[in-house]
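All remarks here apply to the structure that follows.
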Protein chains: 2
Amino acid sequence: MRISTKGRYALRVMLYLAEHYTLGHIAVKVIAEEESLSPKYIEQIMSKLTKAGLVIAVRGANGGYRLANSPSNYSVAQIIKVTENNEDFSPCAPAGGTPCPRYKKCISSDVWQLVQSTIEELLDNLTLTDLLRMQQDKLGTPSLYLTYLSHLNKK
Amino acid sequence: MRISTKGRYALRVMLYLAEHYTLGHIAVKVIAEEESLSPKYIEQIMSKLTKAGLVIAVRGANGGYRLANSPSNYSVAQIIKVTENNEDFSPCAPAGGTPCPRYKKCISSDVWQLVQSTIEELLDNLTLTDLLRMQQDKLGTPSLYLTYLSHLNKK
DNA sequence: AAATAATCCCAGTGCAATAGTAGGAAAAAG
DNA sequence: CTTTTTCCTACTATTGCACTGGGATTATTT
Ligand code: FES
Ligand code: FES
């Protein structure tokens with residue numbers, strides 16, 4: 001699970017759509033403008049999100065995109081998995097291919113699998129509504145956000 | 001904190017040195033041979049590890065490398081930080097540069113920081129001796145290793 | 001002293017993935 | 001039938017990664 005701009009942009013877009021969930025569909029042109037991103041690049045990302053069923057596209061004039069479900073139904077992991085070229089991170093045990101010859105006795109590969117599963121677990125339990133709530137807290141009265149920040153600084 | 005071959009190879013080498021800790025210094029030629037890695041590439045990695053003080057180099061014939069301290073003093077995080085080009089992962093808040101203009105009101109960047117700190121916390125508490133013990137368990141009687149595996153499969 | 005065996009240092013190269021650009025076809029609305 | 005949007009495919013430029021190579025330096029061995 002590697003994070004590139006594609007995944008990061010996708011999250012920003014999904015977050016934008018979640019913020020304006022009640023407005024119905026929104027055009028790429030608007031989203032890209034508001035988020036200061038390349039419209040054509042966002043188009044490609046929307047294509048992936050659409051094919052995965054995360055968003056619904058409305059073609060033609062006055063069309064655009066909207067979330068297929070309510071924001072609470074989306075985890076960050078879901079969004080990242082759709083946009084990123086997965087199956088990296090622990091190359092010794094590829095999904096379909098033959099594993100590394102020293103896989104049986106080697107322990108380092110287990111470290112990377114552990115990292116992977118840890119991130120997945122974290123992002124699986126982080127929904128768009130969680131993020132919206134954090135954003136509220138960040139701007140106004142902190143509650144959950146402070147808890148999370150303290151965890152972050154604990155490191 | 002991004003993981004490329006450089007970091008992965010570094011861990012394998014450090015693990016190898018930890019396994020043969022009592023033997024004194026070992027030449028790159030030997031390590032590369034045993035681990036099936038490019039000697040010249042390992043040389044570069046050793047240079048970083050040496051400059052960071054993680055290993056001690058002995059030049060000249062019959063020279064080589066050995067750990068500067070006992071295996072229990074090394075965390076995986078330490079090794080990775082030395083070898084990988086850090087300061088990626090959350091490009092909106094670079095260490096020395098100016099942060100993203102929307103950093104104050106944007107929440108997505110916090111997600112990536114959270115991922116980063118989670119991985120750091122995990123790898124900070126994982127020492128080379130931990131890994132050696134896991135390896136023992138993996139080959140023989142499982143104890144800690146099973147605990148860790150169950151956590152992994154829980155996802 | 002000379003040959004040898006190792007680290008050190010720095011430069012260059014090939015490749016693959018990322019991060020976009022570009023152009024136009026299809027669909028829906030006015 | 002014109003405009004506005006998504007859709008689809010191809011192309012490109014840059015970047016970073018994963019090495020490769022050549023030689024200088026240092027120490028051992030003979
Ligand atoms: S399993 Fe491939 S190097 Fe450890
Ligand atoms: S802070 Fe840069 S995009 Fe969110």
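Ligands are numbered from 1 in the order shown, chains are lettered A, B, ... in the order of the structure tokens, and residues start at 1 in each chain.
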With chain B as the partner and 10 Å as the cut-off, tabulate the residues of chain D that qualify, each row holding the nearest pair of atoms and their distance in Å to one decimal, using only C-alpha atoms (C1' of nucleotides), sorted by chain and rising number, as CSV.
residue,atom,partner,partner_atom,distance
D:DC17,C1',B:Ser4,CA,8.1
D:DA18,C1',B:Tyr41,CA,8.1
D:DC19,C1',B:Tyr41,CA,6.5
D:DT20,C1',B:Lys40,CA,7.8
D:DG21,C1',B:Lys40,CA,9.4
D:DT25,C1',B:Gly60,CA,9.2
D:DT26,C1',B:Gly60,CA,5.4
D:DA27,C1',B:Gly60,CA,3.8
D:DT28,C1',B:Ala61,CA,4.9
D:DT29,C1',B:Ala61,CA,8.2
Could you build a table of the residues in region 74-151 of chain B lying no more than 9 Å from region 126-133 of chain A, giving for each the nearest pair of atoms and their separation in Å rounded to one decimal place, using only C-alpha atoms, ordered by chain and ascending residue number, as JSON lines?
{"residue": "B:Ile107", "atom": "CA", "partner": "A:Leu131", "partner_atom": "CA", "distance": 6.7}
{"residue": "B:Ser108", "atom": "CA", "partner": "A:Leu131", "partner_atom": "CA", "distance": 7.7}
{"residue": "B:Val111", "atom": "CA", "partner": "A:Leu131", "partner_atom": "CA", "distance": 8.4}
Save the residues we just selected, N, CA, C and O atoms, as an mmCIF file, in the first residue's frame?
data_model
loop_
_atom_site.group_PDB
_atom_site.id
_atom_site.type_symbol
_atom_site.label_atom_id
_atom_site.label_comp_id
_atom_site.auth_asym_id
_atom_site.auth_seq_id
_atom_site.Cartn_x
_atom_site.Cartn_y
_atom_site.Cartn_z
ATOM 1 N N ILE B 107 -7.886 18.481 6.210
ATOM 2 C CA ILE B 107 -7.756 17.373 7.145
ATOM 3 C C ILE B 107 -7.049 16.174 6.522
ATOM 4 O O ILE B 107 -6.510 15.315 7.218
ATOM 5 N N SER B 108 -7.013 16.121 5.193
ATOM 6 C CA SER B 108 -6.454 14.935 4.545
ATOM 7 C C SER B 108 -4.972 14.772 4.862
ATOM 8 O O SER B 108 -4.478 13.648 5.007
ATOM 9 N N VAL B 111 -4.305 12.764 7.839
ATOM 10 C CA VAL B 111 -4.402 11.320 7.658
ATOM 11 C C VAL B 111 -3.028 10.728 7.374
ATOM 12 O O VAL B 111 -2.624 9.732 7.983
#
Next on the checklist: At a cut-off of 6 Å around ligand 2, and using only C-alpha atoms (C1' of nucleotides) and all ligand atoms, what residues come up? Please write them as a count of residues only.
Outcome noted: 7
Item to check | Within 12 Å of ligand 1, counting only C-alpha atoms (C1' of nucleotides) and all ligand atoms, residues as a ChimeraX atom specification | outcome: /A:89-94,98-113 /B:5,7-13,15-16,34-37,135
Checklist entry - Using only C-alpha atoms (C1' of nucleotides), which chain C residues lie at most 6 Å away from chain A, written as a ChimeraX atom specification? => result /C:27-29
Keeping N, CA and C atoms (P, O5', C5', C4', C3', O3' and C1' of nucleotides) for every residue in the selection just given, could you write it to a file as a compact mmCIF listing (two decimals), in the first residue's frame?
# COMPACT_ATOMS: atom_id res chain seq x y z
P DA C 27 -23.60 7.26 -26.31
O5' DA C 27 -24.08 8.37 -25.26
C5' DA C 27 -23.66 8.28 -23.91
C4' DA C 27 -24.09 9.51 -23.16
C3' DA C 27 -25.59 9.83 -23.26
O3' DA C 27 -26.03 10.18 -21.97
C1' DA C 27 -24.33 11.73 -23.83
P DA C 28 -27.48 9.64 -21.49
O5' DA C 28 -28.15 11.01 -20.98
C5' DA C 28 -27.50 11.75 -19.97
C4' DA C 28 -27.63 13.22 -20.23
C3' DA C 28 -29.05 13.76 -20.36
O3' DA C 28 -29.36 14.44 -19.17
C1' DA C 28 -27.49 14.83 -21.84
P DA C 29 -30.76 15.05 -18.90
O5' DA C 29 -30.51 16.59 -19.25
C5' DA C 29 -29.37 17.23 -18.68
C4' DA C 29 -29.35 18.70 -19.07
C3' DA C 29 -30.71 19.36 -19.10
O3' DA C 29 -30.62 20.61 -18.42
C1' DA C 29 -29.63 19.58 -21.22
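Pairwise distance (CA of Arg2 (chain B), CA of Ile3 (chain A)) equals 8.9 Å.
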Item to check | Picked from chain B by DSSP as helix (DSSP H, G or I), as a PyMOL selection string | outcome: chain B and resi 5-19+21-23+28-35+39-51+71-73+76-83+108-124+128-139+144-154
Residues from last step as file, C-alpha atoms, as a PDB file, in the first residue's frame:
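As a result, part31.pdb now contains:
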ATOM      1  CA  THR B   5      14.722  -1.951  -1.851  1.00  0.00           C
ATOM      2  CA  LYS B   6      17.399   0.158  -0.207  1.00  0.00           C
ATOM      3  CA  GLY B   7      15.629   0.000   3.135  1.00  0.00           C
ATOM      4  CA  ARG B   8      14.653  -3.610   2.715  1.00  0.00           C
ATOM      5  CA  TYR B   9      18.170  -4.679   1.794  1.00  0.00           C
ATOM      6  CA  ALA B  10      19.532  -2.680   4.714  1.00  0.00           C
ATOM      7  CA  LEU B  11      17.321  -4.577   7.111  1.00  0.00           C
ATOM      8  CA  ARG B  12      18.412  -7.898   5.643  1.00  0.00           C
ATOM      9  CA  VAL B  13      22.058  -6.951   5.981  1.00  0.00           C
ATOM     10  CA  MET B  14      21.633  -5.726   9.545  1.00  0.00           C
ATOM     11  CA  LEU B  15      19.788  -8.898  10.354  1.00  0.00           C
ATOM     12  CA  TYR B  16      22.599 -10.915   8.858  1.00  0.00           C
ATOM     13  CA  LEU B  17      25.157  -9.012  10.910  1.00  0.00           C
ATOM     14  CA  ALA B  18      23.038  -9.556  14.005  1.00  0.00           C
ATOM     15  CA  GLU B  19      22.874 -13.290  13.360  1.00  0.00           C
ATOM     16  CA  TYR B  21      27.315 -10.863  15.702  1.00  0.00           C
ATOM     17  CA  THR B  22      29.918 -12.946  17.483  1.00  0.00           C
ATOM     18  CA  LEU B  23      32.037 -13.546  14.387  1.00  0.00           C
ATOM     19  CA  VAL B  28      30.403  -7.142   1.770  1.00  0.00           C
ATOM     20  CA  LYS B  29      31.418  -9.858  -0.653  1.00  0.00           C
ATOM     21  CA  VAL B  30      30.302 -12.518   1.816  1.00  0.00           C
ATOM     22  CA  ILE B  31      27.073 -10.808   2.840  1.00  0.00           C
ATOM     23  CA  ALA B  32      26.042 -10.137  -0.750  1.00  0.00           C
ATOM     24  CA  GLU B  33      26.810 -13.715  -1.686  1.00  0.00           C
ATOM     25  CA  GLU B  34      24.808 -15.182   1.194  1.00  0.00           C
ATOM     26  CA  GLU B  35      21.864 -12.849   0.684  1.00  0.00           C
ATOM     27  CA  PRO B  39      27.760  -6.381  -3.899  1.00  0.00           C
ATOM     28  CA  LYS B  40      28.240  -2.906  -5.343  1.00  0.00           C
ATOM     29  CA  TYR B  41      24.754  -1.879  -4.327  1.00  0.00           C
ATOM     30  CA  ILE B  42      25.273  -3.203  -0.812  1.00  0.00           C
ATOM     31  CA  GLU B  43      28.494  -1.204  -0.670  1.00  0.00           C
ATOM     32  CA  GLN B  44      26.504   2.008  -1.042  1.00  0.00           C
ATOM     33  CA  ILE B  45      24.072   0.980   1.614  1.00  0.00           C
ATOM     34  CA  MET B  46      26.915   0.110   3.970  1.00  0.00           C
ATOM     35  CA  SER B  47      28.321   3.577   3.400  1.00  0.00           C
ATOM     36  CA  LYS B  48      25.120   5.110   4.748  1.00  0.00           C
ATOM     37  CA  LEU B  49      24.991   2.738   7.677  1.00  0.00           C
ATOM     38  CA  THR B  50      28.619   3.481   8.491  1.00  0.00           C
ATOM     39  CA  LYS B  51      28.217   7.255   8.336  1.00  0.00           C
ATOM     40  CA  PRO B  71      21.389  -6.274  18.227  1.00  0.00           C
ATOM     41  CA  SER B  72      18.973  -5.236  20.956  1.00  0.00           C
ATOM     42  CA  ASN B  73      20.027  -1.612  20.473  1.00  0.00           C
ATOM     43  CA  VAL B  76      13.864  -1.254  12.438  1.00  0.00           C
ATOM     44  CA  ALA B  77      12.856   2.413  12.328  1.00  0.00           C
ATOM     45  CA  GLN B  78      16.431   3.455  12.942  1.00  0.00           C
ATOM     46  CA  ILE B  79      17.680   1.422  10.015  1.00  0.00           C
ATOM     47  CA  ILE B  80      14.993   2.637   7.664  1.00  0.00           C
ATOM     48  CA  LYS B  81      15.462   6.281   8.555  1.00  0.00           C
ATOM     49  CA  VAL B  82      19.116   6.069   7.628  1.00  0.00           C
ATOM     50  CA  THR B  83      18.661   4.399   4.280  1.00  0.00           C
ATOM     51  CA  SER B 108      -6.454  14.935   4.545  1.00  0.00           C
ATOM     52  CA  SER B 109      -2.846  15.791   5.313  1.00  0.00           C
ATOM     53  CA  ASP B 110      -3.463  14.746   8.907  1.00  0.00           C
ATOM     54  CA  VAL B 111      -4.402  11.320   7.658  1.00  0.00           C
ATOM     55  CA  TRP B 112      -0.986  10.829   6.109  1.00  0.00           C
ATOM     56  CA  GLN B 113       0.740  12.144   9.161  1.00  0.00           C
ATOM     57  CA  LEU B 114      -1.237   9.685  11.230  1.00  0.00           C
ATOM     58  CA  VAL B 115      -0.152   6.862   8.947  1.00  0.00           C
ATOM     59  CA  GLN B 116       3.431   7.999   9.226  1.00  0.00           C
ATOM     60  CA  SER B 117       3.417   8.197  13.010  1.00  0.00           C
ATOM     61  CA  THR B 118       1.674   4.847  13.275  1.00  0.00           C
ATOM     62  CA  ILE B 119       4.353   3.139  11.232  1.00  0.00           C
ATOM     63  CA  GLU B 120       7.086   4.898  13.159  1.00  0.00           C
ATOM     64  CA  GLU B 121       5.619   3.798  16.444  1.00  0.00           C
ATOM     65  CA  LEU B 122       5.403   0.236  15.224  1.00  0.00           C
ATOM     66  CA  LEU B 123       8.940   0.066  13.860  1.00  0.00           C
ATOM     67  CA  ASP B 124      10.423   1.985  16.766  1.00  0.00           C
ATOM     68  CA  LEU B 128      16.742  -6.799  15.735  1.00  0.00           C
ATOM     69  CA  THR B 129      16.605  -9.177  18.698  1.00  0.00           C
ATOM     70  CA  ASP B 130      12.827  -9.215  18.402  1.00  0.00           C
ATOM     71  CA  LEU B 131      13.243 -10.288  14.793  1.00  0.00           C
ATOM     72  CA  LEU B 132      15.836 -12.924  15.625  1.00  0.00           C
ATOM     73  CA  ARG B 133      13.466 -14.338  18.214  1.00  0.00           C
ATOM     74  CA  MET B 134      10.626 -14.343  15.706  1.00  0.00           C
ATOM     75  CA  GLN B 135      12.865 -16.183  13.284  1.00  0.00           C
ATOM     76  CA  GLN B 136      13.607 -18.824  15.895  1.00  0.00           C
ATOM     77  CA  ASP B 137       9.900 -19.194  16.487  1.00  0.00           C
ATOM     78  CA  LYS B 138       9.161 -19.344  12.800  1.00  0.00           C
ATOM     79  CA  LEU B 139      11.547 -22.268  12.387  1.00  0.00           C
ATOM     80  CA  LEU B 144       5.715 -14.642  20.131  1.00  0.00           C
ATOM     81  CA  TYR B 145       5.501 -15.303  16.438  1.00  0.00           C
ATOM     82  CA  LEU B 146       2.052 -16.840  16.716  1.00  0.00           C
ATOM     83  CA  THR B 147       0.826 -13.868  18.700  1.00  0.00           C
ATOM     84  CA  TYR B 148       2.065 -11.557  16.051  1.00  0.00           C
ATOM     85  CA  LEU B 149       0.630 -13.653  13.253  1.00  0.00           C
ATOM     86  CA  SER B 150      -2.795 -13.699  14.868  1.00  0.00           C
ATOM     87  CA  HIS B 151      -2.691  -9.927  15.012  1.00  0.00           C
ATOM     88  CA  LEU B 152      -1.776  -9.911  11.359  1.00  0.00           C
ATOM     89  CA  ASN B 153      -4.641 -12.150  10.326  1.00  0.00           C
ATOM     90  CA  LYS B 154      -7.122 -10.314  12.501  1.00  0.00           C
TER      91      LYS B 154
END
Next on the checklist: Counting only C-alpha atoms (C1' of nucleotides), which residue out of C:DC9, C:DG14, C:DA2, C:DG20 sits closest to DT14 (chain D)?
Outcome noted: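 Smallest separation from DT14 (chain D) among the options: C:DG20.
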Item to check | Distance of C1' of DT9 (chain D) from C1' of DA19 (chain C), expressed in Å to one decimal place | outcome: 16.9 Å
Would you mind writing down, as a short mmCIF file (atom, residue, chain, number, x, y, z; two decimals) with N, CA and C atoms, in the first residue's frame, each residue of chain A that DSSP on the backbone assigns to strand (DSSP E)?
data_model
loop_
_atom_site.label_atom_id
_atom_site.label_comp_id
_atom_site.auth_asym_id
_atom_site.auth_seq_id
_atom_site.Cartn_x
_atom_site.Cartn_y
_atom_site.Cartn_z
N VAL A 55 -18.43 6.45 -6.65
CA VAL A 55 -19.19 7.65 -7.00
C VAL A 55 -20.10 7.34 -8.19
N ILE A 56 -21.08 8.20 -8.36
CA ILE A 56 -21.99 8.04 -9.49
C ILE A 56 -21.82 9.22 -10.42
N ALA A 57 -21.64 8.94 -11.70
CA ALA A 57 -21.42 9.99 -12.68
C ALA A 57 -22.72 10.35 -13.38
N VAL A 58 -22.91 11.62 -13.62
CA VAL A 58 -24.04 12.09 -14.41
C VAL A 58 -23.48 12.85 -15.60
N GLY A 64 -22.12 15.83 -13.47
CA GLY A 64 -21.05 15.82 -12.47
C GLY A 64 -21.00 14.51 -11.71
N TYR A 65 -20.43 14.57 -10.52
CA TYR A 65 -20.28 13.37 -9.70
C TYR A 65 -20.89 13.58 -8.32
N ARG A 66 -21.37 12.48 -7.77
CA ARG A 66 -21.79 12.50 -6.37
C ARG A 66 -21.45 11.14 -5.74
N LEU A 67 -21.38 11.11 -4.42
CA LEU A 67 -21.10 9.86 -3.72
C LEU A 67 -22.23 8.87 -3.96
#
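Here C1' of DA6 (chain C) is placed at a distance of 11.5 Å from CA of His25 (chain B).
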Checklist entry - Quick one: residues within 12 Å of DG24 (chain C), only C-alpha atoms (C1' of nucleotides) counted, chain neighbours fewer than 5 positions away excluded, as a PyMOL selection string? => result chain D and resi 7-10
